[in-house]
$ cat start37.csv   # CSV, C-alpha atoms and all ligand atoms
chain,number,residue,atom,x,y,z
P,1,MET,CA,0.0,0.0,0.0
P,2,ARG,CA,1.3,3.4,-1.0
P,3,GLY,CA,-0.7,5.8,1.2
P,4,ALA,CA,-4.0,7.5,1.2
P,5,ASP,CA,-4.1,8.4,-2.5
P,6,LEU,CA,-4.2,4.7,-3.4
P,7,LYS,CA,-7.8,4.7,-2.2
P,8,ARG,CA,-9.0,7.8,-4.0
P,9,LEU,CA,-11.2,6.0,-6.5
P,10,LEU,CA,-13.2,2.8,-5.8
P,11,LEU,CA,-13.9,0.9,-9.0
P,12,CYS,CA,-16.5,-1.9,-8.4
P,13,THR,CA,-17.4,-4.2,-11.3
P,14,ASP,CA,-19.6,-7.2,-11.8
P,15,LEU,CA,-17.8,-10.1,-13.6
P,16,ASP,CA,-20.0,-12.2,-15.9
P,17,ARG,CA,-20.9,-10.3,-19.0
P,18,THR,CA,-19.6,-7.0,-17.5
P,19,LEU,CA,-15.9,-7.4,-17.2
P,20,LEU,CA,-15.8,-10.9,-18.6
P,21,PRO,CA,-16.7,-11.0,-22.3
P,22,ASN,CA,-18.7,-14.2,-21.9
P,23,GLY,CA,-21.9,-13.1,-23.6
P,24,ILE,CA,-23.0,-13.2,-27.3
P,25,GLU,CA,-22.0,-9.6,-28.1
P,26,PRO,CA,-18.4,-9.0,-29.5
P,27,GLU,CA,-15.7,-7.5,-27.3
P,28,SER,CA,-13.7,-4.5,-28.7
P,29,PRO,CA,-10.0,-5.4,-29.3
P,30,GLY,CA,-7.8,-3.7,-26.7
P,31,ALA,CA,-10.7,-2.9,-24.3
P,32,ARG,CA,-9.5,-5.2,-21.5
P,33,ALA,CA,-6.0,-4.0,-21.9
P,34,CYS,CA,-7.3,-0.5,-21.5
P,35,PHE,CA,-9.3,-1.5,-18.4
P,36,ASP,CA,-6.1,-3.1,-17.0
P,37,ARG,CA,-4.2,0.1,-17.3
P,38,VAL,CA,-6.9,2.0,-15.4
P,39,ALA,CA,-7.1,-0.7,-12.8
P,40,ARG,CA,-3.3,-0.5,-12.2
P,41,ARG,CA,-3.3,3.3,-11.5
P,42,HIS,CA,-2.1,4.1,-8.0
P,43,ASP,CA,-5.3,6.0,-7.2
P,44,VAL,CA,-7.7,3.2,-8.2
P,45,ALA,CA,-8.9,0.5,-5.8
P,46,LEU,CA,-10.5,-2.3,-7.7
P,47,ALA,CA,-13.3,-4.4,-6.4
P,48,TYR,CA,-15.0,-7.4,-8.1
P,49,VAL,CA,-18.6,-7.8,-7.2
P,50,SER,CA,-20.1,-11.1,-8.3
P,51,GLY,CA,-22.5,-13.9,-7.7
P,52,ARG,CA,-19.6,-16.3,-8.0
P,53,SER,CA,-17.9,-17.9,-5.0
P,54,ARG,CA,-14.3,-17.2,-4.2
P,55,ALA,CA,-13.1,-20.3,-6.1
P,56,LEU,CA,-15.1,-19.4,-9.2
P,57,VAL,CA,-13.9,-15.7,-9.0
P,58,GLU,CA,-10.3,-17.0,-8.9
P,59,GLN,CA,-11.0,-19.3,-11.8
P,60,ALA,CA,-12.3,-16.3,-13.9
P,61,MET,CA,-9.3,-14.2,-12.9
P,62,ALA,CA,-7.0,-16.9,-14.2
P,63,GLU,CA,-9.0,-17.7,-17.3
P,64,PHE,CA,-9.3,-14.1,-18.4
P,65,ASP,CA,-6.0,-12.8,-17.0
P,66,LEU,CA,-7.8,-10.2,-14.9
P,67,PRO,CA,-5.9,-7.7,-12.7
P,68,ARG,CA,-5.7,-8.6,-9.0
P,69,PRO,CA,-8.3,-6.5,-7.1
P,70,GLN,CA,-8.0,-5.0,-3.6
P,71,PHE,CA,-11.5,-6.3,-2.7
P,72,VAL,CA,-13.8,-9.1,-3.8
P,73,ILE,CA,-17.5,-9.1,-2.9
P,74,SER,CA,-18.6,-12.6,-3.8
P,75,ASP,CA,-21.6,-14.9,-3.3
P,76,VAL,CA,-24.0,-12.1,-4.4
P,77,GLY,CA,-22.8,-9.8,-1.6
P,78,SER,CA,-22.8,-12.3,1.2
P,79,THR,CA,-19.0,-12.5,1.5
P,80,ILE,CA,-16.4,-9.8,1.3
P,81,TYR,CA,-12.6,-10.4,1.0
P,82,ARG,CA,-9.7,-7.9,1.4
P,83,ILE,CA,-6.9,-9.0,-0.9
P,84,ASP,CA,-3.3,-8.3,-0.2
P,85,PRO,CA,-0.4,-9.5,-2.3
P,86,ALA,CA,-0.1,-12.6,-0.2
P,87,ALA,CA,-3.6,-13.6,0.7
P,88,TRP,CA,-7.4,-13.2,0.6
P,89,GLN,CA,-8.7,-12.2,4.0
P,90,ARG,CA,-12.3,-12.8,4.7
P,91,TRP,CA,-13.9,-9.7,6.2
P,92,GLU,CA,-15.4,-11.3,9.3
P,93,ALA,CA,-17.1,-8.1,10.4
P,94,TRP,CA,-19.4,-8.4,7.4
P,95,ASP,CA,-20.3,-11.9,8.3
P,96,GLY,CA,-20.9,-10.7,11.8
P,97,SER,CA,-23.1,-7.9,10.7
P,98,ILE,CA,-25.4,-10.0,8.4
P,99,GLY,CA,-25.4,-13.3,10.5
P,100,ALA,CA,-28.0,-12.2,13.0
P,101,ASP,CA,-30.7,-12.2,10.2
P,102,TRP,CA,-30.3,-15.9,10.0
P,103,GLN,CA,-30.2,-16.2,13.8
P,104,GLY,CA,-26.5,-17.3,13.6
P,105,LEU,CA,-27.3,-20.3,11.3
P,106,SER,CA,-25.0,-21.1,8.5
P,107,CYS,CA,-25.9,-22.4,5.0
P,108,GLY,CA,-25.8,-26.1,6.0
P,109,ASP,CA,-28.0,-25.5,9.1
P,110,LEU,CA,-30.6,-23.6,7.0
P,111,ARG,CA,-30.6,-26.3,4.4
P,112,ARG,CA,-31.3,-29.0,7.0
P,113,LEU,CA,-34.0,-26.8,8.5
P,114,LEU,CA,-35.7,-26.4,5.1
P,115,GLY,CA,-35.4,-30.1,4.2
P,116,ALA,CA,-36.5,-31.4,0.8
P,117,LEU,CA,-38.3,-28.8,-1.3
P,118,PRO,CA,-40.4,-29.8,-4.3
P,119,GLY,CA,-39.1,-28.3,-7.5
P,120,LEU,CA,-35.8,-27.2,-5.9
P,121,ASN,CA,-32.4,-28.9,-6.0
P,122,PRO,CA,-29.4,-27.6,-4.0
P,123,GLN,CA,-26.7,-26.2,-6.2
P,124,GLU,CA,-23.1,-27.7,-6.2
P,125,GLU,CA,-21.1,-27.3,-3.0
P,126,VAL,CA,-18.7,-24.7,-4.6
P,127,LYS,CA,-21.8,-22.5,-5.0
P,128,GLN,CA,-22.8,-22.6,-1.4
P,129,ASN,CA,-21.3,-20.4,1.3
P,130,ARG,CA,-21.7,-19.6,4.9
P,131,HIS,CA,-24.3,-17.0,4.3
P,132,LYS,CA,-25.6,-18.1,0.8
P,133,LEU,CA,-27.8,-21.1,0.2
P,134,SER,CA,-28.5,-21.7,-3.5
P,135,TYR,CA,-30.9,-23.9,-5.4
P,136,TYR,CA,-31.8,-24.7,-9.0
P,137,ALA,CA,-35.5,-24.5,-9.8
P,138,ASP,CA,-37.3,-26.6,-12.4
P,139,PRO,CA,-37.7,-24.5,-15.6
P,140,GLU,CA,-41.5,-24.7,-15.5
P,141,VAL,CA,-41.7,-23.6,-11.9
P,142,ASP,CA,-44.1,-20.7,-10.9
P,143,ALA,CA,-41.4,-18.3,-9.5
P,144,ASP,CA,-43.8,-16.0,-7.7
P,145,ALA,CA,-45.6,-18.9,-5.9
P,146,LEU,CA,-42.2,-20.5,-5.1
P,147,LEU,CA,-40.8,-17.3,-3.6
P,148,ASP,CA,-44.0,-16.5,-1.6
P,149,GLY,CA,-43.9,-20.0,-0.2
P,150,MET,CA,-40.2,-19.7,0.7
P,151,ARG,CA,-40.8,-16.4,2.4
P,152,THR,CA,-43.6,-17.7,4.5
P,153,ARG,CA,-41.6,-20.8,5.4
P,154,LEU,CA,-38.5,-18.7,6.4
P,155,GLU,CA,-40.5,-16.2,8.4
P,156,ALA,CA,-42.2,-19.0,10.4
P,157,ASP,CA,-38.7,-20.0,11.5
P,158,GLY,CA,-37.7,-16.4,12.4
P,159,ILE,CA,-35.2,-16.2,9.4
P,160,LYS,CA,-34.9,-12.8,7.8
P,161,ALA,CA,-33.8,-13.5,4.2
P,162,ASN,CA,-33.1,-11.7,0.9
P,163,LEU,CA,-34.3,-14.0,-1.9
P,164,VAL,CA,-32.5,-13.4,-5.1
P,165,TRP,CA,-34.1,-15.0,-8.2
P,166,SER,CA,-32.6,-15.2,-11.6
P,167,MET,CA,-32.8,-17.3,-14.8
P,168,GLU,CA,-29.9,-19.3,-16.1
P,169,MET,CA,-29.0,-18.6,-19.7
P,170,PRO,CA,-29.2,-20.6,-21.9
P,171,GLY,CA,-30.5,-23.5,-19.7
P,172,ARG,CA,-33.5,-21.4,-18.5
P,173,ARG,CA,-33.3,-23.1,-15.1
P,174,GLY,CA,-34.3,-20.9,-12.2
P,175,LEU,CA,-31.6,-19.9,-9.8
P,176,LEU,CA,-32.6,-19.1,-6.2
P,177,ASP,CA,-30.1,-17.6,-3.8
P,178,ILE,CA,-31.2,-17.3,-0.1
P,179,LEU,CA,-29.1,-14.6,1.7
P,180,PRO,CA,-29.4,-12.8,5.0
P,181,SER,CA,-31.9,-9.9,4.5
P,182,SER,CA,-29.1,-7.3,5.0
P,183,ALA,CA,-26.8,-9.0,2.5
P,184,GLY,CA,-26.7,-8.3,-1.3
P,185,LYS,CA,-24.4,-6.5,-3.8
P,186,LEU,CA,-25.7,-3.0,-2.8
P,187,GLN,CA,-25.5,-3.6,0.9
P,188,ALA,CA,-22.0,-5.0,0.6
P,189,ILE,CA,-20.7,-2.1,-1.5
P,190,ARG,CA,-22.1,0.3,1.0
P,191,PHE,CA,-20.3,-1.5,3.8
P,192,LEU,CA,-17.1,-1.5,1.8
P,193,MET,CA,-17.4,2.3,1.1
P,194,LEU,CA,-18.1,3.1,4.7
P,195,ARG,CA,-15.3,1.0,6.2
P,196,SER,CA,-12.7,2.0,3.6
P,197,GLY,CA,-13.4,5.7,3.4
P,198,PHE,CA,-15.0,6.0,0.0
P,199,GLY,CA,-18.0,8.3,-0.7
P,200,LEU,CA,-20.3,8.8,-3.6
P,201,ARG,CA,-17.9,11.1,-5.4
P,202,ASN,CA,-15.2,8.5,-5.6
P,203,THR,CA,-17.1,5.2,-6.1
P,204,LEU,CA,-18.3,3.7,-9.4
P,205,PHE,CA,-20.1,0.4,-10.1
P,206,ALA,CA,-20.5,-1.4,-13.4
P,207,GLY,CA,-23.0,-4.1,-14.2
P,208,ASP,CA,-25.1,-5.7,-16.9
P,209,SER,CA,-28.1,-7.6,-15.5
P,210,GLY,CA,-31.0,-8.0,-13.1
P,211,ASN,CA,-28.9,-8.8,-10.0
P,212,ASP,CA,-27.0,-5.5,-10.5
P,213,LEU,CA,-30.1,-3.4,-10.7
P,214,ASP,CA,-30.4,-2.6,-7.0
P,215,VAL,CA,-27.0,-0.9,-7.2
P,216,MET,CA,-27.7,0.8,-10.5
P,217,LEU,CA,-31.0,2.2,-9.2
P,218,SER,CA,-29.4,3.5,-6.0
P,219,GLU,CA,-27.5,6.7,-5.2
P,220,ILE,CA,-24.1,5.0,-6.1
P,221,PRO,CA,-22.7,6.2,-9.5
P,222,SER,CA,-23.1,3.3,-11.9
P,223,VAL,CA,-22.6,2.3,-15.5
P,224,LEU,CA,-24.7,-0.2,-17.4
P,225,VAL,CA,-22.6,-1.8,-20.2
P,226,ALA,CA,-24.0,-1.7,-23.7
P,227,ASN,CA,-24.3,-5.4,-24.0
P,228,ALA,CA,-26.9,-5.5,-21.2
P,229,ASP,CA,-30.1,-7.4,-21.9
P,230,ALA,CA,-33.2,-5.4,-23.1
P,231,PRO,CA,-35.3,-5.8,-19.9
P,232,THR,CA,-32.5,-4.4,-17.8
P,233,LYS,CA,-31.9,-1.5,-20.2
P,234,GLU,CA,-35.7,-0.7,-20.1
P,235,GLN,CA,-35.7,-0.7,-16.3
P,236,ALA,CA,-32.6,1.5,-16.3
P,237,ALA,CA,-34.2,4.0,-18.7
P,238,LYS,CA,-37.4,4.1,-16.7
P,239,ALA,CA,-35.5,4.9,-13.5
P,240,GLN,CA,-34.3,8.3,-14.8
P,241,ASN,CA,-31.5,8.1,-12.2
P,242,ASP,CA,-28.8,10.8,-12.7
P,243,ALA,CA,-26.3,8.5,-10.9
P,244,LEU,CA,-26.7,5.9,-13.7
P,245,TYR,CA,-25.0,6.1,-17.1
P,246,VAL,CA,-25.8,3.7,-19.9
P,247,ALA,CA,-22.9,3.0,-22.2
P,248,THR,CA,-23.6,3.5,-25.9
P,249,GLY,CA,-20.3,2.8,-27.5
P,250,GLY,CA,-18.1,5.2,-29.5
P,251,TYR,CA,-15.7,6.1,-26.7
P,252,LEU,CA,-12.1,5.8,-27.9
P,253,GLY,CA,-13.6,3.9,-31.0
P,254,MET,CA,-14.8,1.0,-28.8
P,255,ASN,CA,-18.2,-0.6,-28.8
P,256,GLY,CA,-19.3,0.0,-25.2
P,257,ASN,CA,-19.7,-3.8,-24.5
P,258,TYR,CA,-18.1,-5.4,-21.4
P,259,SER,CA,-14.9,-3.6,-20.3
P,260,ALA,CA,-15.3,-1.0,-23.1
P,261,GLY,CA,-18.6,0.0,-21.3
P,262,ILE,CA,-16.9,0.1,-18.0
P,263,ILE,CA,-14.2,2.5,-19.4
P,264,GLU,CA,-16.9,4.7,-21.0
P,265,GLY,CA,-18.5,5.0,-17.6
P,266,ILE,CA,-15.2,5.8,-15.9
P,267,ALA,CA,-14.6,8.5,-18.4
P,268,HIS,CA,-18.1,9.9,-17.8
P,269,PHE,CA,-17.8,10.1,-14.1
P,270,TRP,CA,-14.1,10.8,-13.7
P,271,PRO,CA,-12.9,13.5,-16.0
P,272,GLU,CA,-9.3,13.2,-14.8
P,273,ILE,CA,-9.1,9.6,-16.1
P,274,ASP,CA,-10.9,10.6,-19.3
P,275,ALA,CA,-8.1,13.2,-19.9
P,276,TRP,CA,-5.5,10.6,-19.1
P,277,LEU,CA,-7.0,8.0,-21.4
P,278,ARG,CA,-7.2,10.5,-24.3
P,279,GLY,CA,-3.8,12.0,-23.6
P,280,PRO,CA,-0.4,10.9,-24.9
P,281,GLY,CA,1.0,10.1,-21.4
P,282,ARG,CA,-0.5,7.0,-19.9
P,283,GLU,CA,2.0,6.4,-17.1
P,284,GLY,CA,-0.6,7.2,-14.3
J,301,MG,MG,-23.3,-10.0,-14.9
$ encode --input "start37.csv" --output "structure tokens" --more "lines below"
Ligand SMILES: [Mg+2]
Amino acid sequence: MRGADLKRLLLCTDLDRTLLPNGIEPESPGARACFDRVARRHDVALAYVSGRSRALVEQAMAEFDLPRPQFVISDVGSTIYRIDPAAWQRWEAWDGSIGADWQGLSCGDLRRLLGALPGLNPQEEVKQNRHKLSYYADPEVDADALLDGMRTRLEADGIKANLVWSMEMPGRRGLLDILPSSAGKLQAIRFLMLRSGFGLRNTLFAGDSGNDLDVMLSEIPSVLVANADAPTKEQAAKAQNDALYVATGGYLGMNGNYSAGIIEGIAHFWPEIDAWLRGPGREG
């Protein structure tokens, strides 16, 4: 660590189909190299914010040769790690702050309490974590009825939960994540900002889909990458949120998809980095 200026800008980004070009849209050549240069600036602290577990975040970092971040918010915001050159340190204070919602139970306890559930199958062990219990749902399941039933069931046991529902592409299986009610991407980013001394003027979030929306509709400056799906773009447009920028492409001749969209958002919110990216000197 090189002093306070290292923490001047907190750059938070989702991984799948935001930083990782693993969607159907093309990636601009050179976009990830450009992101890498920004992420390596001494005044930028990088945070990955993902539904993935730590093991699957590490797998993505290796596969796509991503820069090492200072923070990782994994498991849909139910785990936070501080990363130093030698190790990943689990931020236990975050677990402590969200654990009371589940009455101190962990994922395995909650799974035993719920027992067998019709239409739901537990996800692989690598996708479960202390404060995240995840299921696959049959493709034909009535999601509203399932979520209502789950809410009633958890409330009866005194469990306060945040139920995060999404659809798997291309399989169209339902994905249900059960988290403590005070956990989630937005809540975890707020915790990180507060504990690490970042405010709204020096934080940026980038995302692409439904489970990023709570952050993008909040007061936190955010960018929606151009390859986002149509329903997410519609919701973003409806929100008329000044803190949300939707990437369109065209910046530095790039298409606004994935990391090009993140860079476009960085340039929109941080003029100093815009000037640096456009300028001849890129030593940072
Ligand atoms: Mg994503």
$ closest_atom_pairs --input "start37.csv" --of "chain P" --to "ligand MG 301 (chain J)" --cutoff "9 Å" --atoms "only C-alpha atoms and all ligand atoms" --output "CSV"
residue,atom,partner,partner_atom,distance
P:Asp14,CA,J:MG301,MG,5.6
P:Leu15,CA,J:MG301,MG,5.7
P:Asp16,CA,J:MG301,MG,4.1
P:Arg17,CA,J:MG301,MG,4.8
P:Thr18,CA,J:MG301,MG,5.4
P:Leu19,CA,J:MG301,MG,8.2
P:Leu20,CA,J:MG301,MG,8.4
P:Ser50,CA,J:MG301,MG,7.4
P:Gly51,CA,J:MG301,MG,8.2
P:Gly207,CA,J:MG301,MG,5.9
P:Asp208,CA,J:MG301,MG,5.1
P:Ser209,CA,J:MG301,MG,5.4
P:Gly210,CA,J:MG301,MG,8.2
P:Asn211,CA,J:MG301,MG,7.5
P:Asp212,CA,J:MG301,MG,7.3
P:Ala228,CA,J:MG301,MG,8.5
$ write_last_selection --input "start37.csv" --atoms "C-alpha atoms" --output "mmCIF file, in the coordinates of the input"
data_model
loop_
_atom_site.group_PDB
_atom_site.id
_atom_site.type_symbol
_atom_site.label_atom_id
_atom_site.label_comp_id
_atom_site.auth_asym_id
_atom_site.auth_seq_id
_atom_site.Cartn_x
_atom_site.Cartn_y
_atom_site.Cartn_z
ATOM 1 C CA ASP P 14 -19.600 -7.200 -11.800
ATOM 2 C CA LEU P 15 -17.800 -10.100 -13.600
ATOM 3 C CA ASP P 16 -20.000 -12.200 -15.900
ATOM 4 C CA ARG P 17 -20.900 -10.300 -19.000
ATOM 5 C CA THR P 18 -19.600 -7.000 -17.500
ATOM 6 C CA LEU P 19 -15.900 -7.400 -17.200
ATOM 7 C CA LEU P 20 -15.800 -10.900 -18.600
ATOM 8 C CA SER P 50 -20.100 -11.100 -8.300
ATOM 9 C CA GLY P 51 -22.500 -13.900 -7.700
ATOM 10 C CA GLY P 207 -23.000 -4.100 -14.200
ATOM 11 C CA ASP P 208 -25.100 -5.700 -16.900
ATOM 12 C CA SER P 209 -28.100 -7.600 -15.500
ATOM 13 C CA GLY P 210 -31.000 -8.000 -13.100
ATOM 14 C CA ASN P 211 -28.900 -8.800 -10.000
ATOM 15 C CA ASP P 212 -27.000 -5.500 -10.500
ATOM 16 C CA ALA P 228 -26.900 -5.500 -21.200
#
$ closest_residue --input "start37.csv" --among "P:Leu194, P:Val141, P:Leu110, P:Leu117" --to "Leu154 (chain P)" --atoms "all atoms listed in the file"
P:Leu110
$ closest_residue --input "start37.csv" --among "P:Val44, P:Ala260, P:Leu175, P:Val76" --to "Lys132 (chain P)" --atoms "all atoms listed in the file"
P:Val76
$ residues_around --input "start37.csv" --residues "Arg54 (chain P)" --least-positions-apart "3" --cutoff "8 Å" --atoms "all atoms listed in the file" --output "PyMOL selection string"
chain P and resi 57-58+74-75
$ closest_residue --input "start37.csv" --among "P:Lys185, P:Arg32, P:Lys160, P:Arg41" --to "Asp214 (chain P)" --atoms "all atoms listed in the file"
P:Lys185
$ closest_residue --input "start37.csv" --among "P:Tyr135, P:Tyr251, P:Tyr245, P:Trp270" --to "Arg8 (chain P)" --atoms "only C-alpha atoms"
P:Trp270
$ closest_residue --input "start37.csv" --among "P:Ser97, P:Pro21, P:Ser196, P:Val38" --to "Trp276 (chain P)" --atoms "all atoms listed in the file"
P:Val38
$ closest_residue --input "start37.csv" --among "P:Met216, P:Ser182, P:Gly250, P:Leu11" --to "Ala100 (chain P)" --atoms "only C-alpha atoms"
P:Ser182
$ residues_around --input "start37.csv" --residues "Val164 (chain P)" --least-positions-apart "6" --cutoff "7 Å" --atoms "all atoms listed in the file" --output "PyMOL selection string"
chain P and resi 176-178
$ axis_aligned_box --input "start37.csv" --around "region 77-85 of chain P" --padding-each-side "8 Å" --output "AutoDock Vina command-line options"
--center_x -11.6 --center_y -10.2 --center_z -0.4 --size_x 38.4 --size_y 20.6 --size_z 19.8
$ atom_distance --input "start37.csv" --atom1 "CA of Ile266 (chain P)" --atom2 "CA of Ser222 (chain P)"
9.2 Å
$ atom_distance --input "start37.csv" --atom1 "CA of Ala230 (chain P)" --atom2 "CA of Ala60 (chain P)"
25.3 Å
$ atom_distance --input "start37.csv" --atom1 "CA of Glu27 (chain P)" --atom2 "CA of His268 (chain P)"
20.0 Å
$ residues_around --input "start37.csv" --residues "Asp144 (chain P)" --least-positions-apart "2" --cutoff "12 Å" --atoms "all atoms listed in the file" --output "PyMOL selection string"
chain P and resi 140-142+146-151+163-166+174+176
$ residues_near_point --input "start37.csv" --point "(-15.6, 3.9, -22.0)" --cutoff "10 Å" --atoms "all atoms listed in the file" --output "MDAnalysis selection string"
chainID P and resid 31 34:35 223 225 247:268 274 277
$ residues_around --input "start37.csv" --residues "Ser181 (chain P)" --least-positions-apart "4" --cutoff "10 Å" --atoms "only C-alpha atoms" --output "list in words"
Ser78, Ile98, Gly99, Ala100, Asp101, Trp102, Ile159, Lys160, Ala161, Asn162, Leu163 and Gln187 of chain P
$ decode --input "start37.csv" --residues "region 102-152 of chain P" --atoms "C-alpha atoms" --output "tab-separated table (two decimals), in the first residue's frame"
chain	number	residue	atom	x	y	z
P	102	TRP	CA	-30.28	-15.94	10.04
P	103	GLN	CA	-30.19	-16.25	13.84
P	104	GLY	CA	-26.55	-17.32	13.62
P	105	LEU	CA	-27.34	-20.29	11.35
P	106	SER	CA	-25.04	-21.13	8.47
P	107	CYS	CA	-25.92	-22.39	5.02
P	108	GLY	CA	-25.82	-26.06	6.04
P	109	ASP	CA	-28.03	-25.46	9.12
P	110	LEU	CA	-30.58	-23.62	7.02
P	111	ARG	CA	-30.57	-26.33	4.36
P	112	ARG	CA	-31.28	-29.00	6.99
P	113	LEU	CA	-34.02	-26.83	8.50
P	114	LEU	CA	-35.74	-26.45	5.13
P	115	GLY	CA	-35.43	-30.14	4.24
P	116	ALA	CA	-36.51	-31.44	0.85
P	117	LEU	CA	-38.30	-28.82	-1.26
P	118	PRO	CA	-40.44	-29.76	-4.26
P	119	GLY	CA	-39.14	-28.29	-7.53
P	120	LEU	CA	-35.84	-27.20	-5.95
P	121	ASN	CA	-32.44	-28.91	-5.98
P	122	PRO	CA	-29.42	-27.64	-4.04
P	123	GLN	CA	-26.66	-26.21	-6.24
P	124	GLU	CA	-23.12	-27.66	-6.20
P	125	GLU	CA	-21.12	-27.30	-2.97
P	126	VAL	CA	-18.75	-24.75	-4.58
P	127	LYS	CA	-21.76	-22.45	-5.04
P	128	GLN	CA	-22.84	-22.62	-1.38
P	129	ASN	CA	-21.28	-20.40	1.25
P	130	ARG	CA	-21.67	-19.62	4.94
P	131	HIS	CA	-24.35	-17.01	4.27
P	132	LYS	CA	-25.60	-18.09	0.83
P	133	LEU	CA	-27.83	-21.11	0.21
P	134	SER	CA	-28.50	-21.69	-3.49
P	135	TYR	CA	-30.93	-23.91	-5.37
P	136	TYR	CA	-31.76	-24.75	-8.96
P	137	ALA	CA	-35.46	-24.55	-9.77
P	138	ASP	CA	-37.26	-26.60	-12.43
P	139	PRO	CA	-37.67	-24.52	-15.63
P	140	GLU	CA	-41.48	-24.71	-15.52
P	141	VAL	CA	-41.74	-23.58	-11.88
P	142	ASP	CA	-44.08	-20.68	-10.95
P	143	ALA	CA	-41.44	-18.32	-9.54
P	144	ASP	CA	-43.83	-15.98	-7.69
P	145	ALA	CA	-45.57	-18.85	-5.92
P	146	LEU	CA	-42.23	-20.46	-5.08
P	147	LEU	CA	-40.80	-17.25	-3.63
P	148	ASP	CA	-43.99	-16.54	-1.63
P	149	GLY	CA	-43.92	-20.05	-0.21
P	150	MET	CA	-40.24	-19.73	0.67
P	151	ARG	CA	-40.78	-16.36	2.37
P	152	THR	CA	-43.61	-17.74	4.51
